[in-house]
Number of protein chains: 2
Amino acid sequence: MQNNNNPIQIEVPEVVVQRLPIYVRVLSQLLESNVEVISSHQLGELLQMTPAQIRKDLSYFGRFGKQGRGYNIQFLLDELRQILGIDRAWKACLVGLGRLGRAIINYPGFSPEGFEIVAAFDNDVSQYDSRLGTISVQAMEEIARTVKAKNISIGIVAVPSNQAQSVIDTLVENGITGILNYAPIAPFAPANVVMRNIDPVLSLQSMTFYMKENEEIN
Amino acid sequence: MQNNNNPIQIEVPEVVVQRLPIYVRVLSQLLESNVEVISSHQLGELLQMTPAQIRKDLSYFGRFGKQGRGYNIQFLLDELRQILGIDRAWKACLVGLGRLGRAIINYPGFSPEGFEIVAAFDNDVSQYDSRLGTISVQAMEEIARTVKAKNISIGIVAVPSNQAQSVIDTLVENGITGILNYAPIAPFAPANVVMRNIDPVLSLQSMTFYMKENEEIN
DNA sequence: ATTCTCTGTTAAATGTTTGTTAAATTGCCG
DNA sequence: CGGCAATTTAACAAACATTTAACAGAGAAT
């Protein structure tokens with residue numbers, strides 16, 4: 001994925017990076033429940049993982065625990081958030097205001113985590129006001145201008161499959177470096193762009209493989 | 001994930017299973033474009049994978065290719081669909097008819113792939129008709145009865161986080177063996193239940209790790 | 001002080017991907 | 001029509017990556 005020619009710093013496996021947000025979430029919940037310290041063993045129980053894996057994962061980034069005691073949750077949380085880069089806000093734009101796009105724009109889970117959708121684009125804008133709450137709604141042609149003007153770094157793609165790749169290309173051309181793609185395609189992007197796909201159908205299709213096996217056993 | 005004590009059959013890695021639906025999708029597209037045969041090399045190009053990996057993946061399940069020629073797309077597709085268990089229809093129910101739930105129910109991507117939402121449940125059903133198209137809309141209390149009556153095997157969870165685990169428990173109690181969970185939690189389920197989580201925030205949070213690095217380079 | 005707990009680290013085990021080679025198939029050329 | 005070169009899989013082996021286990025040492029508790 002990313003090249004790291006620095007011989008000092010060890011490359012962190014991508015799987016590990018993908019687990020960090022899960023730690024962040026659980027630790028946040030624990031903190032809300034006024035738990036202050038947790039051991040890798042307890043955390044493993046909670047997340048159904050081995051304590052060894054948790055300790056190994058964290059050790060890629062530093063020494064956050066205290067022997068004989070465990071991890072201070074507040075401290076670990078702060079560190080993890082900084083490591084992930086979620087200790088600050090990120091500006092995103094949404095492309096596509098169909099049913100899916102509108103659900104995304106109304107999804108209340110993004111902004112508490114610092115992901116703010118500041119602009120939305122669609123082919124047919126006539127049906128909308130020029131602002132949806134604090135979000136400006138514009139024609140596709142405005143992507144270039146707005147992304148640069150507002151210094152947006154994340155693009156959320158919710159257009160039909162046949163338009164998705166060209167939308168992605170446009171976003172990338174205009175400096176977007178992270179794309180959350182909801183279109184059911186295998187998208188291309190340059191290596192310096194981080195792509196994440198949300199595709200429930202693929203999830204279901206790999207799910208049935210195991211369900212089928214269950215049925216055969218019964 | 002699944003126990004397989006059969007000493008003859010080799011355990012297929014889960015990563016491999018998760019790639020199969022991607023193959024299915026690309027192969028379907030190729031078939032629509034009237035391509036009949038494809039080599040692992042060409043497929044690898046298309047999917048940005050090594051040909052070796054594609055061949056290895058497929059070889060877990062059988063010998064589908066012809067040396068000197070490649071894979072017959074129609075044949076491979078039929079085989080893969082059978083392997084994944086997507087050569088037949090699966091009945092699903094949706095729990096939660098908030099904005100997210102309504103977007104899911106209207107998502108046109110499920111039924112062409114054989115996943116049919118046949119029932120939907122919500123705490124407050126008063127706002128809906130008893131049917132939404134062909135889908136029966138019922139109170140949560142009806143989950144048990146309806147899941148059994150309609151022989152539903154997949155549950156799609158789109159309720160608020162604080163209700164998600166108890167909904168999952170209910171679904172599992174009533175014989176659901178596959179759960180597609182949209183709630184941002186780390187859900188528990190017995191080992192014989194297949195769980196897939198759709199969580200855009202986690203995706204974004206692991207994305208920023210790499211975007212942050214990019215910025216530091218610039 | 002001594003015992004118990006729990007991390008960070010190293011080593012071993014396990015899992016996954018890639019490279020290589022033999023064998024099968026195709027298409028071409030004489 | 002037969003042989004030869006080009007292709008491409010399937011299988012095996014090697015390289016690489018990730019997870020788990022084990023343990024020394026630091027800290028806490030008694």
# chains A, B, ... in the order shown; residues from 1 in each chain; ligands from 1

call {"tool": "select_by_dssp", "arguments": {"residues": "range 7-90 of chain B", "states": "strand (DSSP E)", "output": "PyMOL selection string"}}
result
chain B and resi 37-38+65-66+70-72+90

call {"tool": "residues_around", "arguments": {"residues": "DC6 in chain C", "least_positions_apart": "5", "cutoff": "8 Å", "atoms": "only C-alpha atoms (C1' of nucleotides)", "output": "PyMOL selection string"}}
result
chain A and resi 39+66-70

call {"tool": "write_last_selection", "arguments": {"atoms": "N, CA and C atoms", "output": "PDB file, in the first residue's frame"}}
result
ATOM      1  N   SER A  39      -6.648  -4.182  31.307  1.00  0.00           N
ATOM      2  CA  SER A  39      -5.528  -5.035  30.900  1.00  0.00           C
ATOM      3  C   SER A  39      -5.802  -5.606  29.515  1.00  0.00           C
ATOM      4  N   LYS A  66       1.379  -0.228  31.632  1.00  0.00           N
ATOM      5  CA  LYS A  66       2.224  -0.339  32.831  1.00  0.00           C
ATOM      6  C   LYS A  66       2.172  -1.782  33.297  1.00  0.00           C
ATOM      7  N   GLN A  67       3.364  -2.365  33.472  1.00  0.00           N
ATOM      8  CA  GLN A  67       3.397  -3.753  33.947  1.00  0.00           C
ATOM      9  C   GLN A  67       2.737  -3.856  35.316  1.00  0.00           C
ATOM     10  N   GLY A  68       2.041  -4.951  35.489  1.00  0.00           N
ATOM     11  CA  GLY A  68       1.367  -5.173  36.766  1.00  0.00           C
ATOM     12  C   GLY A  68       0.070  -4.420  36.915  1.00  0.00           C
ATOM     13  N   ARG A  69      -0.249  -3.570  35.916  1.00  0.00           N
ATOM     14  CA  ARG A  69      -1.424  -2.712  36.052  1.00  0.00           C
ATOM     15  C   ARG A  69      -2.323  -2.770  34.810  1.00  0.00           C
ATOM     16  N   GLY A  70      -1.749  -2.484  33.673  1.00  0.00           N
ATOM     17  CA  GLY A  70      -2.533  -2.487  32.433  1.00  0.00           C
ATOM     18  C   GLY A  70      -2.402  -1.158  31.716  1.00  0.00           C
TER      19      GLY A  70
END

call {"tool": "interface_residues", "arguments": {"of": "chain C", "to": "chain A", "cutoff": "8 Å", "atoms": "only C-alpha atoms (C1' of nucleotides)", "output": "number ranges by chain"}}
result
C: 5-8

call {"tool": "write_last_selection", "arguments": {"atoms": "N, CA and C atoms (P, O5', C5', C4', C3', O3' and C1' of nucleotides)", "output": "mmCIF file, in the first residue's frame"}}
result
data_model
loop_
_atom_site.group_PDB
_atom_site.id
_atom_site.type_symbol
_atom_site.label_atom_id
_atom_site.label_comp_id
_atom_site.auth_asym_id
_atom_site.auth_seq_id
_atom_site.Cartn_x
_atom_site.Cartn_y
_atom_site.Cartn_z
ATOM 1 P P DT C 5 -2.292 -13.173 40.549
ATOM 2 O "O5'" DT C 5 -1.953 -11.857 39.719
ATOM 3 C "C5'" DT C 5 -2.209 -10.577 40.300
ATOM 4 C "C4'" DT C 5 -1.759 -9.505 39.321
ATOM 5 C "C3'" DT C 5 -2.216 -9.757 37.892
ATOM 6 O "O3'" DT C 5 -2.791 -8.544 37.458
ATOM 7 C "C1'" DT C 5 0.119 -9.330 37.949
ATOM 8 P P DC C 6 -3.707 -8.456 36.144
ATOM 9 O "O5'" DC C 6 -2.692 -7.855 35.087
ATOM 10 C "C5'" DC C 6 -2.154 -6.549 35.283
ATOM 11 C "C4'" DC C 6 -1.022 -6.407 34.312
ATOM 12 C "C3'" DC C 6 -1.370 -6.884 32.893
ATOM 13 O "O3'" DC C 6 -1.138 -5.846 32.000
ATOM 14 C "C1'" DC C 6 0.714 -7.719 33.583
ATOM 15 P P DT C 7 -1.398 -5.953 30.418
ATOM 16 O "O5'" DT C 7 -0.067 -5.289 29.868
ATOM 17 C "C5'" DT C 7 0.338 -4.030 30.384
ATOM 18 C "C4'" DT C 7 1.829 -3.850 30.180
ATOM 19 C "C3'" DT C 7 2.256 -3.786 28.717
ATOM 20 O "O3'" DT C 7 3.072 -2.632 28.535
ATOM 21 C "C1'" DT C 7 3.479 -5.488 29.870
ATOM 22 P P DG C 8 3.331 -2.089 27.044
ATOM 23 O "O5'" DG C 8 4.675 -2.845 26.658
ATOM 24 C "C5'" DG C 8 5.873 -2.512 27.342
ATOM 25 C "C4'" DG C 8 7.001 -3.384 26.818
ATOM 26 C "C3'" DG C 8 7.187 -3.353 25.298
ATOM 27 O "O3'" DG C 8 8.597 -3.269 25.092
ATOM 28 C "C1'" DG C 8 6.838 -5.593 26.007
#

call {"tool": "interface_residues", "arguments": {"of": "chain A", "to": "chain B", "cutoff": "8 Å", "atoms": "only C-alpha atoms", "output": "PyMOL selection string"}}
result
chain A and resi 2+17-18+20-22+47+83-86+99-100+103+106-107+109-110+113+177-178+180+186+192-196+198+200-212+214

call {"tool": "interface_residues", "arguments": {"of": "chain D", "to": "chain A", "cutoff": "10 Å", "atoms": "only C-alpha atoms (C1' of nucleotides)", "output": "list of chain:residue names"}}
result
D:DA17, D:DT18, D:DT19, D:DT20, D:DA21, D:DG25, D:DA26, D:DG27, D:DA28, D:DA29

call {"tool": "residues_around", "arguments": {"residues": "Thr146 in chain A", "least_positions_apart": "5", "cutoff": "12 Å", "atoms": "only C-alpha atoms (C1' of nucleotides)", "output": "PyMOL selection string"}}
result
chain A and resi 91-94+118-121+135-141+151-153+155+171+174-176

call {"tool": "write_last_selection", "arguments": {"atoms": "N, CA, C and O atoms", "output": "PDB file, in the first residue's frame"}}
result
ATOM      1  N   LYS A  91     -12.471  17.134   6.589  1.00  0.00           N
ATOM      2  CA  LYS A  91     -13.571  17.595   5.740  1.00  0.00           C
ATOM      3  C   LYS A  91     -13.812  16.615   4.599  1.00  0.00           C
ATOM      4  O   LYS A  91     -12.878  16.191   3.914  1.00  0.00           O
ATOM      5  N   ALA A  92     -15.075  16.301   4.412  1.00  0.00           N
ATOM      6  CA  ALA A  92     -15.443  15.365   3.352  1.00  0.00           C
ATOM      7  C   ALA A  92     -16.514  15.968   2.460  1.00  0.00           C
ATOM      8  O   ALA A  92     -17.239  16.882   2.867  1.00  0.00           O
ATOM      9  N   CYS A  93     -16.576  15.466   1.229  1.00  0.00           N
ATOM     10  CA  CYS A  93     -17.696  15.831   0.368  1.00  0.00           C
ATOM     11  C   CYS A  93     -18.394  14.552  -0.064  1.00  0.00           C
ATOM     12  O   CYS A  93     -17.794  13.489  -0.119  1.00  0.00           O
ATOM     13  N   LEU A  94     -19.664  14.670  -0.344  1.00  0.00           N
ATOM     14  CA  LEU A  94     -20.464  13.533  -0.775  1.00  0.00           C
ATOM     15  C   LEU A  94     -20.817  13.726  -2.241  1.00  0.00           C
ATOM     16  O   LEU A  94     -21.236  14.818  -2.640  1.00  0.00           O
ATOM     17  N   VAL A 118     -19.047  18.669   4.189  1.00  0.00           N
ATOM     18  CA  VAL A 118     -19.241  20.113   4.026  1.00  0.00           C
ATOM     19  C   VAL A 118     -19.813  20.472   2.658  1.00  0.00           C
ATOM     20  O   VAL A 118     -20.186  21.615   2.417  1.00  0.00           O
ATOM     21  N   ALA A 119     -19.858  19.499   1.755  1.00  0.00           N
ATOM     22  CA  ALA A 119     -20.416  19.766   0.430  1.00  0.00           C
ATOM     23  C   ALA A 119     -20.994  18.493  -0.154  1.00  0.00           C
ATOM     24  O   ALA A 119     -20.541  17.392   0.168  1.00  0.00           O
ATOM     25  N   ALA A 120     -22.000  18.664  -0.994  1.00  0.00           N
ATOM     26  CA  ALA A 120     -22.601  17.516  -1.662  1.00  0.00           C
ATOM     27  C   ALA A 120     -22.825  17.853  -3.119  1.00  0.00           C
ATOM     28  O   ALA A 120     -23.151  18.999  -3.463  1.00  0.00           O
ATOM     29  N   PHE A 121     -22.645  16.872  -3.989  1.00  0.00           N
ATOM     30  CA  PHE A 121     -22.767  17.105  -5.418  1.00  0.00           C
ATOM     31  C   PHE A 121     -23.721  16.088  -6.042  1.00  0.00           C
ATOM     32  O   PHE A 121     -23.775  14.928  -5.620  1.00  0.00           O
ATOM     33  N   ILE A 135     -24.635  22.144   4.734  1.00  0.00           N
ATOM     34  CA  ILE A 135     -23.935  21.549   3.597  1.00  0.00           C
ATOM     35  C   ILE A 135     -24.358  22.222   2.297  1.00  0.00           C
ATOM     36  O   ILE A 135     -25.550  22.326   2.014  1.00  0.00           O
ATOM     37  N   SER A 136     -23.394  22.671   1.525  1.00  0.00           N
ATOM     38  CA  SER A 136     -23.732  23.271   0.239  1.00  0.00           C
ATOM     39  C   SER A 136     -24.002  22.170  -0.782  1.00  0.00           C
ATOM     40  O   SER A 136     -23.285  21.177  -0.849  1.00  0.00           O
ATOM     41  N   VAL A 137     -25.071  22.344  -1.535  1.00  0.00           N
ATOM     42  CA  VAL A 137     -25.437  21.353  -2.547  1.00  0.00           C
ATOM     43  C   VAL A 137     -25.187  21.949  -3.921  1.00  0.00           C
ATOM     44  O   VAL A 137     -25.701  23.021  -4.241  1.00  0.00           O
ATOM     45  N   GLN A 138     -24.386  21.254  -4.721  1.00  0.00           N
ATOM     46  CA  GLN A 138     -23.969  21.829  -5.994  1.00  0.00           C
ATOM     47  C   GLN A 138     -23.993  20.806  -7.119  1.00  0.00           C
ATOM     48  O   GLN A 138     -24.035  19.592  -6.880  1.00  0.00           O
ATOM     49  N   ALA A 139     -23.921  21.312  -8.332  1.00  0.00           N
ATOM     50  CA  ALA A 139     -23.830  20.436  -9.496  1.00  0.00           C
ATOM     51  C   ALA A 139     -22.445  19.792  -9.544  1.00  0.00           C
ATOM     52  O   ALA A 139     -21.474  20.331  -9.011  1.00  0.00           O
ATOM     53  N   MET A 140     -22.378  18.641 -10.177  1.00  0.00           N
ATOM     54  CA  MET A 140     -21.127  17.889 -10.304  1.00  0.00           C
ATOM     55  C   MET A 140     -19.981  18.773 -10.812  1.00  0.00           C
ATOM     56  O   MET A 140     -18.841  18.609 -10.389  1.00  0.00           O
ATOM     57  N   GLU A 141     -20.320  19.654 -11.719  1.00  0.00           N
ATOM     58  CA  GLU A 141     -19.288  20.495 -12.349  1.00  0.00           C
ATOM     59  C   GLU A 141     -18.526  21.334 -11.327  1.00  0.00           C
ATOM     60  O   GLU A 141     -17.422  21.804 -11.589  1.00  0.00           O
ATOM     61  N   ASN A 151     -10.858  23.044   0.699  1.00  0.00           N
ATOM     62  CA  ASN A 151      -9.765  22.203   1.194  1.00  0.00           C
ATOM     63  C   ASN A 151     -10.296  20.866   1.741  1.00  0.00           C
ATOM     64  O   ASN A 151      -9.982  20.461   2.863  1.00  0.00           O
ATOM     65  N   ILE A 152     -11.086  20.216   0.912  1.00  0.00           N
ATOM     66  CA  ILE A 152     -11.690  18.937   1.294  1.00  0.00           C
ATOM     67  C   ILE A 152     -10.731  17.804   0.968  1.00  0.00           C
ATOM     68  O   ILE A 152     -10.139  17.785  -0.107  1.00  0.00           O
ATOM     69  N   SER A 153     -10.565  16.868   1.882  1.00  0.00           N
ATOM     70  CA  SER A 153      -9.587  15.803   1.626  1.00  0.00           C
ATOM     71  C   SER A 153     -10.204  14.419   1.439  1.00  0.00           C
ATOM     72  O   SER A 153      -9.555  13.509   0.948  1.00  0.00           O
ATOM     73  N   GLY A 155     -13.477  12.079  -0.083  1.00  0.00           N
ATOM     74  CA  GLY A 155     -14.640  12.007  -0.959  1.00  0.00           C
ATOM     75  C   GLY A 155     -15.457  10.770  -0.662  1.00  0.00           C
ATOM     76  O   GLY A 155     -14.907   9.679  -0.528  1.00  0.00           O
ATOM     77  N   LEU A 171     -12.411  13.279  -8.419  1.00  0.00           N
ATOM     78  CA  LEU A 171     -12.021  13.589  -7.044  1.00  0.00           C
ATOM     79  C   LEU A 171     -10.503  13.549  -6.895  1.00  0.00           C
ATOM     80  O   LEU A 171      -9.887  14.459  -6.332  1.00  0.00           O
ATOM     81  N   ASN A 174      -8.565  16.359  -8.262  1.00  0.00           N
ATOM     82  CA  ASN A 174      -8.687  17.608  -7.528  1.00  0.00           C
ATOM     83  C   ASN A 174      -8.144  17.545  -6.102  1.00  0.00           C
ATOM     84  O   ASN A 174      -8.498  18.362  -5.254  1.00  0.00           O
ATOM     85  N   GLY A 175      -7.318  16.537  -5.866  1.00  0.00           N
ATOM     86  CA  GLY A 175      -6.549  16.545  -4.631  1.00  0.00           C
ATOM     87  C   GLY A 175      -7.112  15.737  -3.476  1.00  0.00           C
ATOM     88  O   GLY A 175      -6.548  15.731  -2.385  1.00  0.00           O
ATOM     89  N   ILE A 176      -8.234  15.060  -3.725  1.00  0.00           N
ATOM     90  CA  ILE A 176      -8.782  14.167  -2.697  1.00  0.00           C
ATOM     91  C   ILE A 176      -7.819  13.004  -2.481  1.00  0.00           C
ATOM     92  O   ILE A 176      -7.349  12.410  -3.440  1.00  0.00           O
TER      93      ILE A 176
END

call {"tool": "select_by_dssp", "arguments": {"residues": "chain A", "states": "alpha helix (DSSP H)", "output": "PyMOL selection string"}}
result
chain A and resi 14-32+40-47+51-59+73-84+99-106+143-149+161-173+200-217

call {"tool": "atom_distance", "arguments": {"atom1": "CA of Pro190 in chain B", "atom2": "CA of Val167 in chain B"}}
result
14.0 Å

call {"tool": "residues_around", "arguments": {"residues": "DT20 in chain C", "least_positions_apart": "2", "cutoff": "12 Å", "atoms": "only C-alpha atoms (C1' of nucleotides)", "output": "NGL selection string"}}
result
(:B and (52)) or (:C and (18 or 22)) or (:D and (10-14))

call {"tool": "write_last_selection", "arguments": {"atoms": "all heavy atoms", "output": "short mmCIF file (atom, residue, chain, number, x, y, z; two decimals), in the first residue's frame"}}
result
data_model
loop_
_atom_site.label_atom_id
_atom_site.label_comp_id
_atom_site.auth_asym_id
_atom_site.auth_seq_id
_atom_site.Cartn_x
_atom_site.Cartn_y
_atom_site.Cartn_z
N ALA B 52 -0.96 -15.56 -9.66
CA ALA B 52 -0.72 -16.71 -8.77
C ALA B 52 -1.78 -16.79 -7.69
O ALA B 52 -2.27 -17.87 -7.35
CB ALA B 52 0.67 -16.61 -8.14
P DT C 18 1.03 -11.66 -3.58
OP1 DT C 18 1.41 -10.24 -3.60
OP2 DT C 18 -0.15 -12.16 -4.32
"O5'" DT C 18 2.30 -12.50 -4.03
"C5'" DT C 18 3.53 -12.31 -3.35
"C4'" DT C 18 4.54 -13.30 -3.87
"O4'" DT C 18 4.18 -14.63 -3.47
"C3'" DT C 18 4.66 -13.32 -5.40
"O3'" DT C 18 6.02 -13.07 -5.70
"C2'" DT C 18 4.19 -14.73 -5.80
"C1'" DT C 18 4.45 -15.53 -4.54
N1 DT C 18 3.60 -16.73 -4.28
C2 DT C 18 4.21 -17.92 -3.95
O2 DT C 18 5.41 -18.05 -3.89
N3 DT C 18 3.34 -18.97 -3.71
C4 DT C 18 1.96 -18.94 -3.75
O4 DT C 18 1.31 -19.95 -3.50
C5 DT C 18 1.39 -17.66 -4.09
C7 DT C 18 -0.09 -17.52 -4.17
C6 DT C 18 2.22 -16.63 -4.34
P DA C 22 10.40 -29.20 -14.40
OP1 DA C 22 11.62 -29.93 -14.01
OP2 DA C 22 10.38 -28.34 -15.60
"O5'" DA C 22 9.20 -30.25 -14.51
"C5'" DA C 22 8.63 -30.82 -13.32
"C4'" DA C 22 7.21 -31.26 -13.64
"O4'" DA C 22 6.36 -30.08 -13.76
"C3'" DA C 22 7.07 -31.99 -14.97
"O3'" DA C 22 6.12 -33.03 -14.79
"C2'" DA C 22 6.61 -30.93 -15.95
"C1'" DA C 22 5.77 -30.03 -15.05
N9 DA C 22 5.73 -28.62 -15.44
C8 DA C 22 6.77 -27.84 -15.89
N7 DA C 22 6.43 -26.60 -16.15
C5 DA C 22 5.08 -26.56 -15.85
C6 DA C 22 4.13 -25.52 -15.91
N6 DA C 22 4.42 -24.29 -16.31
N1 DA C 22 2.87 -25.82 -15.55
C2 DA C 22 2.58 -27.06 -15.14
N3 DA C 22 3.39 -28.12 -15.04
C4 DA C 22 4.64 -27.79 -15.41
P DA D 10 -6.54 -25.00 -12.86
OP1 DA D 10 -7.73 -25.84 -13.05
OP2 DA D 10 -6.61 -23.76 -12.04
"O5'" DA D 10 -5.38 -25.91 -12.27
"C5'" DA D 10 -5.12 -27.17 -12.87
"C4'" DA D 10 -4.09 -27.89 -12.05
"O4'" DA D 10 -2.79 -27.25 -12.25
"C3'" DA D 10 -4.32 -27.89 -10.55
"O3'" DA D 10 -4.02 -29.21 -10.10
"C2'" DA D 10 -3.36 -26.82 -10.01
"C1'" DA D 10 -2.22 -26.89 -11.02
N9 DA D 10 -1.51 -25.63 -11.27
C8 DA D 10 -2.02 -24.36 -11.28
N7 DA D 10 -1.13 -23.43 -11.59
C5 DA D 10 0.03 -24.14 -11.81
C6 DA D 10 1.33 -23.74 -12.18
N6 DA D 10 1.68 -22.48 -12.40
N1 DA D 10 2.26 -24.71 -12.32
C2 DA D 10 1.90 -25.99 -12.12
N3 DA D 10 0.72 -26.49 -11.76
C4 DA D 10 -0.19 -25.50 -11.63
P DA D 11 -4.11 -29.61 -8.56
OP1 DA D 11 -4.67 -30.98 -8.53
OP2 DA D 11 -4.75 -28.52 -7.79
"O5'" DA D 11 -2.58 -29.69 -8.12
"C5'" DA D 11 -1.64 -30.32 -8.98
"C4'" DA D 11 -0.26 -30.10 -8.42
"O4'" DA D 11 0.22 -28.78 -8.82
"C3'" DA D 11 -0.19 -30.14 -6.89
"O3'" DA D 11 0.93 -30.91 -6.52
"C2'" DA D 11 -0.04 -28.67 -6.49
"C1'" DA D 11 0.74 -28.13 -7.68
N9 DA D 11 0.59 -26.70 -7.91
C8 DA D 11 -0.51 -25.92 -7.73
N7 DA D 11 -0.33 -24.65 -8.03
C5 DA D 11 0.98 -24.59 -8.45
C6 DA D 11 1.79 -23.54 -8.90
N6 DA D 11 1.37 -22.28 -9.03
N1 DA D 11 3.08 -23.83 -9.25
C2 DA D 11 3.50 -25.10 -9.13
N3 DA D 11 2.83 -26.17 -8.71
C4 DA D 11 1.57 -25.85 -8.38
P DC D 12 1.09 -31.42 -5.01
OP1 DC D 12 0.97 -32.89 -5.05
OP2 DC D 12 0.25 -30.61 -4.10
"O5'" DC D 12 2.61 -31.06 -4.73
"C5'" DC D 12 3.55 -31.08 -5.82
"C4'" DC D 12 4.61 -30.04 -5.56
"O4'" DC D 12 4.14 -28.73 -5.94
"C3'" DC D 12 5.03 -29.94 -4.08
"O3'" DC D 12 6.43 -30.14 -4.00
"C2'" DC D 12 4.60 -28.52 -3.68
"C1'" DC D 12 4.63 -27.79 -5.02
N1 DC D 12 3.75 -26.59 -5.07
C2 DC D 12 4.27 -25.41 -5.62
O2 DC D 12 5.43 -25.40 -6.03
N3 DC D 12 3.49 -24.31 -5.67
C4 DC D 12 2.24 -24.36 -5.21
N4 DC D 12 1.51 -23.25 -5.30
C5 DC D 12 1.69 -25.55 -4.65
C6 DC D 12 2.47 -26.64 -4.60
P DA D 13 7.16 -30.11 -2.56
OP1 DA D 13 8.11 -31.23 -2.54
OP2 DA D 13 6.13 -29.97 -1.50
"O5'" DA D 13 7.99 -28.76 -2.65
"C5'" DA D 13 8.52 -28.32 -3.91
"C4'" DA D 13 9.14 -26.96 -3.71
"O4'" DA D 13 8.13 -25.95 -3.85
"C3'" DA D 13 9.77 -26.77 -2.33
"O3'" DA D 13 11.01 -26.10 -2.51
"C2'" DA D 13 8.73 -25.95 -1.57
"C1'" DA D 13 8.08 -25.14 -2.69
N9 DA D 13 6.69 -24.77 -2.48
C8 DA D 13 5.67 -25.53 -1.97
N7 DA D 13 4.50 -24.92 -1.92
C5 DA D 13 4.78 -23.66 -2.45
C6 DA D 13 3.98 -22.53 -2.67
N6 DA D 13 2.68 -22.49 -2.40
N1 DA D 13 4.56 -21.44 -3.21
C2 DA D 13 5.87 -21.49 -3.50
N3 DA D 13 6.73 -22.49 -3.34
C4 DA D 13 6.12 -23.55 -2.80
P DA D 14 11.91 -25.71 -1.24
OP1 DA D 14 13.31 -26.01 -1.59
OP2 DA D 14 11.29 -26.25 0.00
"O5'" DA D 14 11.74 -24.13 -1.23
"C5'" DA D 14 11.85 -23.42 -2.47
"C4'" DA D 14 11.52 -21.98 -2.21
"O4'" DA D 14 10.09 -21.84 -2.01
"C3'" DA D 14 12.19 -21.39 -0.98
"O3'" DA D 14 12.80 -20.18 -1.37
"C2'" DA D 14 11.04 -21.22 0.03
"C1'" DA D 14 9.84 -21.04 -0.89
N9 DA D 14 8.54 -21.45 -0.36
C8 DA D 14 8.23 -22.61 0.31
N7 DA D 14 6.96 -22.71 0.64
C5 DA D 14 6.40 -21.55 0.14
C6 DA D 14 5.08 -21.04 0.16
N6 DA D 14 4.05 -21.69 0.71
N1 DA D 14 4.86 -19.85 -0.42
C2 DA D 14 5.89 -19.21 -0.97
N3 DA D 14 7.17 -19.56 -1.06
C4 DA D 14 7.36 -20.76 -0.48
#

call {"tool": "atom_distance", "arguments": {"atom1": "C1' of DG19 in chain C", "atom2": "CA of Leu76 in chain B"}}
result
24.8 Å

call {"tool": "atom_distance", "arguments": {"atom1": "CA of Ser161 in chain B", "atom2": "CA of Leu77 in chain A"}}
result
20.5 Å
